[in-house]
>>> print(open('protein27.tsv').read())   # TSV, C-alpha atoms
chain	number	residue	atom	x	y	z
A	1	MET	CA	-20.47	-7.03	11.45
A	2	SER	CA	-20.50	-3.52	10.09
A	3	LYS	CA	-19.76	-2.55	6.53
A	4	ALA	CA	-16.59	-0.73	7.65
A	5	GLN	CA	-15.31	-3.84	9.45
A	6	LEU	CA	-16.06	-5.98	6.39
A	7	GLU	CA	-14.16	-3.57	4.13
A	8	GLU	CA	-11.23	-3.55	6.56
A	9	ARG	CA	-11.14	-7.36	6.54
A	10	GLN	CA	-11.27	-7.39	2.73
A	11	LYS	CA	-8.24	-5.06	2.67
A	12	GLU	CA	-6.38	-7.30	5.11
A	13	ILE	CA	-7.22	-10.37	3.01
A	14	GLN	CA	-5.80	-8.65	-0.09
A	15	LYS	CA	-2.64	-7.70	1.82
A	16	ALA	CA	-2.24	-11.32	2.92
A	17	LYS	CA	-2.71	-12.55	-0.66
A	18	ASN	CA	-0.05	-10.08	-1.87
A	19	ILE	CA	2.37	-11.27	0.80
A	20	VAL	CA	1.78	-14.90	-0.19
A	21	GLU	CA	2.25	-14.09	-3.90
A	22	GLU	CA	5.51	-12.25	-3.20
A	23	GLY	CA	6.67	-15.20	-1.10
A	24	LEU	CA	5.85	-17.64	-3.89
A	25	ILE	CA	7.75	-15.53	-6.43
A	26	GLU	CA	10.80	-15.44	-4.15
A	27	PHE	CA	10.50	-19.18	-3.49
A	28	GLU	CA	10.38	-19.88	-7.24
A	29	LYS	CA	13.49	-17.72	-7.79
A	30	ASP	CA	15.28	-19.54	-4.97
A	31	CYS	CA	14.36	-22.91	-6.50
A	32	LEU	CA	15.62	-21.84	-9.92
A	33	ASN	CA	18.86	-20.60	-8.35
A	34	LEU	CA	19.29	-24.00	-6.70
A	35	VAL	CA	18.72	-25.72	-10.05
A	36	TYR	CA	21.28	-23.36	-11.63
A	37	ASP	CA	23.86	-23.95	-8.87
A	38	ASP	CA	23.38	-27.72	-9.00
A	39	PHE	CA	23.60	-27.73	-12.79
A	40	VAL	CA	26.77	-25.63	-12.91
A	41	SER	CA	28.40	-27.69	-10.17
A	42	SER	CA	27.58	-31.00	-11.81
A	43	PHE	CA	28.49	-29.80	-15.28
A	44	MET	CA	31.82	-28.32	-14.21
A	45	SER	CA	32.72	-31.43	-12.21
A	46	LYS	CA	32.34	-33.51	-15.36
A	47	ILE	CA	34.27	-30.95	-17.42
A	48	GLU	CA	37.06	-30.91	-14.83
A	49	GLU	CA	37.25	-34.71	-14.91
A	50	ILE	CA	37.59	-34.63	-18.69
A	51	ARG	CA	40.12	-31.78	-18.54
A	52	LYS	CA	42.36	-33.69	-16.11
A	53	GLU	CA	42.24	-36.84	-18.24
A	54	GLU	CA	43.18	-34.85	-21.34
A	55	VAL	CA	46.07	-33.08	-19.56
A	56	GLU	CA	47.42	-36.48	-18.48
A	57	ARG	CA	47.02	-37.82	-22.02
A	58	ALA	CA	48.81	-34.79	-23.48
A	59	GLN	CA	51.67	-35.22	-21.07
A	60	ARG	CA	52.02	-38.88	-22.02
A	61	GLU	CA	51.97	-38.01	-25.72
A	62	LEU	CA	54.53	-35.26	-25.24
A	63	GLY	CA	56.68	-37.68	-23.29
A	64	ASP	CA	57.16	-34.97	-20.68
A	65	GLN	CA	56.04	-35.74	-17.16
A	66	SER	CA	57.66	-32.66	-15.63
A	67	GLU	CA	55.76	-30.51	-13.17
A	68	ASP	CA	56.41	-27.43	-15.34
A	69	THR	CA	54.69	-29.00	-18.33
A	70	LYS	CA	51.78	-30.12	-16.17
A	71	GLU	CA	51.40	-26.60	-14.75
A	72	VAL	CA	51.41	-25.04	-18.22
A	73	LEU	CA	48.85	-27.54	-19.53
A	74	ASP	CA	46.69	-27.08	-16.42
A	75	ALA	CA	46.72	-23.29	-16.72
A	76	MET	CA	46.02	-23.39	-20.45
A	77	THR	CA	43.13	-25.84	-20.21
A	78	ARG	CA	41.55	-24.06	-17.24
A	79	SER	CA	41.74	-20.79	-19.14
A	80	MET	CA	40.13	-22.36	-22.20
A	81	ILE	CA	37.31	-23.84	-20.16
A	82	LYS	CA	36.66	-20.53	-18.43
A	83	LYS	CA	36.58	-18.66	-21.75
A	84	ILE	CA	34.31	-21.23	-23.36
A	85	PHE	CA	31.78	-21.74	-20.58
A	86	SER	CA	31.62	-18.36	-18.80
A	87	PRO	CA	29.39	-16.75	-21.46
A	88	MET	CA	27.05	-19.74	-21.42
A	89	PHE	CA	26.74	-19.64	-17.64
A	90	ALA	CA	26.24	-15.87	-17.69
A	91	ASN	CA	23.37	-16.31	-20.16
A	92	LEU	CA	21.90	-19.09	-18.07
A	93	LYS	CA	22.16	-16.96	-14.91
A	94	THR	CA	20.38	-14.12	-16.73
A	95	ALA	CA	17.64	-16.56	-17.71
A	96	VAL	CA	17.31	-17.67	-14.09
A	97	GLU	CA	17.02	-14.06	-12.93
A	98	ALA	CA	14.40	-13.38	-15.62
A	99	ASN	CA	12.53	-16.55	-14.64
A	100	GLU	CA	12.82	-17.98	-18.16
A	101	VAL	CA	11.94	-21.52	-17.14
A	102	ASN	CA	11.83	-22.92	-20.69
A	103	TYR	CA	15.39	-21.74	-21.43
A	104	ILE	CA	16.61	-23.16	-18.12
A	105	ASN	CA	14.91	-26.50	-18.73
A	106	LEU	CA	16.34	-26.68	-22.24
A	107	ALA	CA	19.87	-25.93	-21.08
A	108	THR	CA	19.79	-28.40	-18.22
A	109	SER	CA	18.32	-31.17	-20.36
A	110	LEU	CA	20.81	-30.56	-23.19
A	111	PHE	CA	23.85	-30.58	-20.98
A	112	SER	CA	22.84	-32.80	-18.09
A	113	HIS	CA	21.65	-35.80	-20.05
A	114	GLY	CA	24.08	-35.66	-22.94
A	115	TRP	CA	27.00	-37.32	-21.20
A	116	LEU	CA	28.49	-40.40	-22.75
A	117	SER	CA	28.43	-43.60	-20.78
A	118	LYS	CA	31.77	-44.71	-19.35
A	119	ASP	CA	31.84	-47.62	-21.85
A	120	LYS	CA	31.19	-45.31	-24.82
A	121	ALA	CA	33.87	-42.89	-23.61
A	122	GLU	CA	36.37	-45.76	-23.33
A	123	GLU	CA	35.41	-46.93	-26.82
A	124	ILE	CA	36.05	-43.46	-28.25
A	125	LYS	CA	39.40	-43.22	-26.43
A	126	ALA	CA	40.45	-46.60	-27.80
A	127	GLU	CA	39.48	-45.49	-31.32
A	128	GLN	CA	41.50	-42.29	-30.92
A	129	ASN	CA	44.51	-44.29	-29.77
A	130	ARG	CA	44.23	-46.69	-32.74
A	131	LYS	CA	44.14	-43.75	-35.16
A	132	ARG	CA	47.03	-42.02	-33.44
A	133	LEU	CA	49.15	-45.15	-33.46
A	134	GLY	CA	48.67	-45.63	-37.17
A	135	GLY	CA	45.64	-47.88	-37.12
A	136	GLY	CA	43.95	-45.58	-39.59
A	137	ASP	CA	40.24	-45.13	-40.02
A	138	SER	CA	38.30	-47.84	-38.19
A	139	VAL	CA	35.77	-48.11	-41.03
A	140	ASN	CA	38.52	-49.27	-43.38
A	141	SER	CA	40.40	-51.39	-40.83
>>> encode(input="protein27.tsv", output="structure tokens")
Amino acid sequence: MSKAQLEERQKEIQKAKNIVEEGLIEFEKDCLNLVYDDFVSSFMSKIEEIRKEEVERAQRELGDQSEDTKEVLDAMTRSMIKKIFSPMFANLKTAVEANEVNYINLATSLFSHGWLSKDKAEEIKAEQNRKRLGGGDSVNS
């Protein structure tokens, strides 16, 4: 093999390595985007579940089961959720685009694993109902 052929092969090897590196970078970005999409979907599903429960509770407390009241409460709570969480998701999306893996891992671990168990949520609801119905502070009851 001549020196010219060897140099040409070395150049081709470097080109192949560059192509593989670019592919890995794109693959990593795609994976992070999937993590982001899954996180946002899961998080917002839980938030929506909570929002619906709270709208129903508010309607019961208001003693108004009309469709108009439900529509107003739905619109108001959706708007609040959007205003609260949109900046957080925008920051998280920026982190994904910048490949800030530590920030992404922190956000997903903080918000994905922090949910209350169904039993604990029911316990908190019961406590809220006792306080609302005049049961007072549970520590003193």
>>> atom_distance(input="protein27.tsv", atom1="atom CA of A:Ile50", atom2="atom CA of A:Ile81")
10.9 Å
>>> atom_distance(input="protein27.tsv", atom1="atom CA of A:Gly23", atom2="atom CA of A:Glu97")
15.8 Å
>>> closest_residue(input="protein27.tsv", among="A:Gln59, A:Ser109, A:Met44, A:Arg9", to="A:Phe85", atoms="only C-alpha atoms")
A:Met44
>>> atom_distance(input="protein27.tsv", atom1="atom CA of A:Cys31", atom2="atom CA of A:Gln14")
25.5 Å
>>> residues_around(input="protein27.tsv", residues="A:Glu54", least_positions_apart="4", cutoff="10 Å", atoms="only C-alpha atoms", output="ChimeraX atom specification")
/A:48-50,58-60,73-74,77
>>> closest_residue(input="protein27.tsv", among="A:Ser79, A:Ala98, A:Glu61, A:Lys70", to="A:Leu133", atoms="all atoms listed in the file")
A:Glu61
>>> residues_near_point(input="protein27.tsv", point="(24.6, -16.1, -9.9)", cutoff="8 Å", atoms="all atoms listed in the file", output="ChimeraX atom specification")
/A:33,37,90,93
>>> closest_residue(input="protein27.tsv", among="A:Val40, A:Leu24, A:Val35, A:Leu6", to="A:Ser86", atoms="only C-alpha atoms")
A:Val40
>>> closest_residue(input="protein27.tsv", among="A:Ile13, A:Ile25, A:Ile19, A:Met88", to="A:Tyr103", atoms="all atoms listed in the file")
A:Met88
>>> closest_residue(input="protein27.tsv", among="A:Glu122, A:Glu100, A:Glu28, A:Glu8", to="A:Glu53", atoms="all atoms listed in the file")
A:Glu122
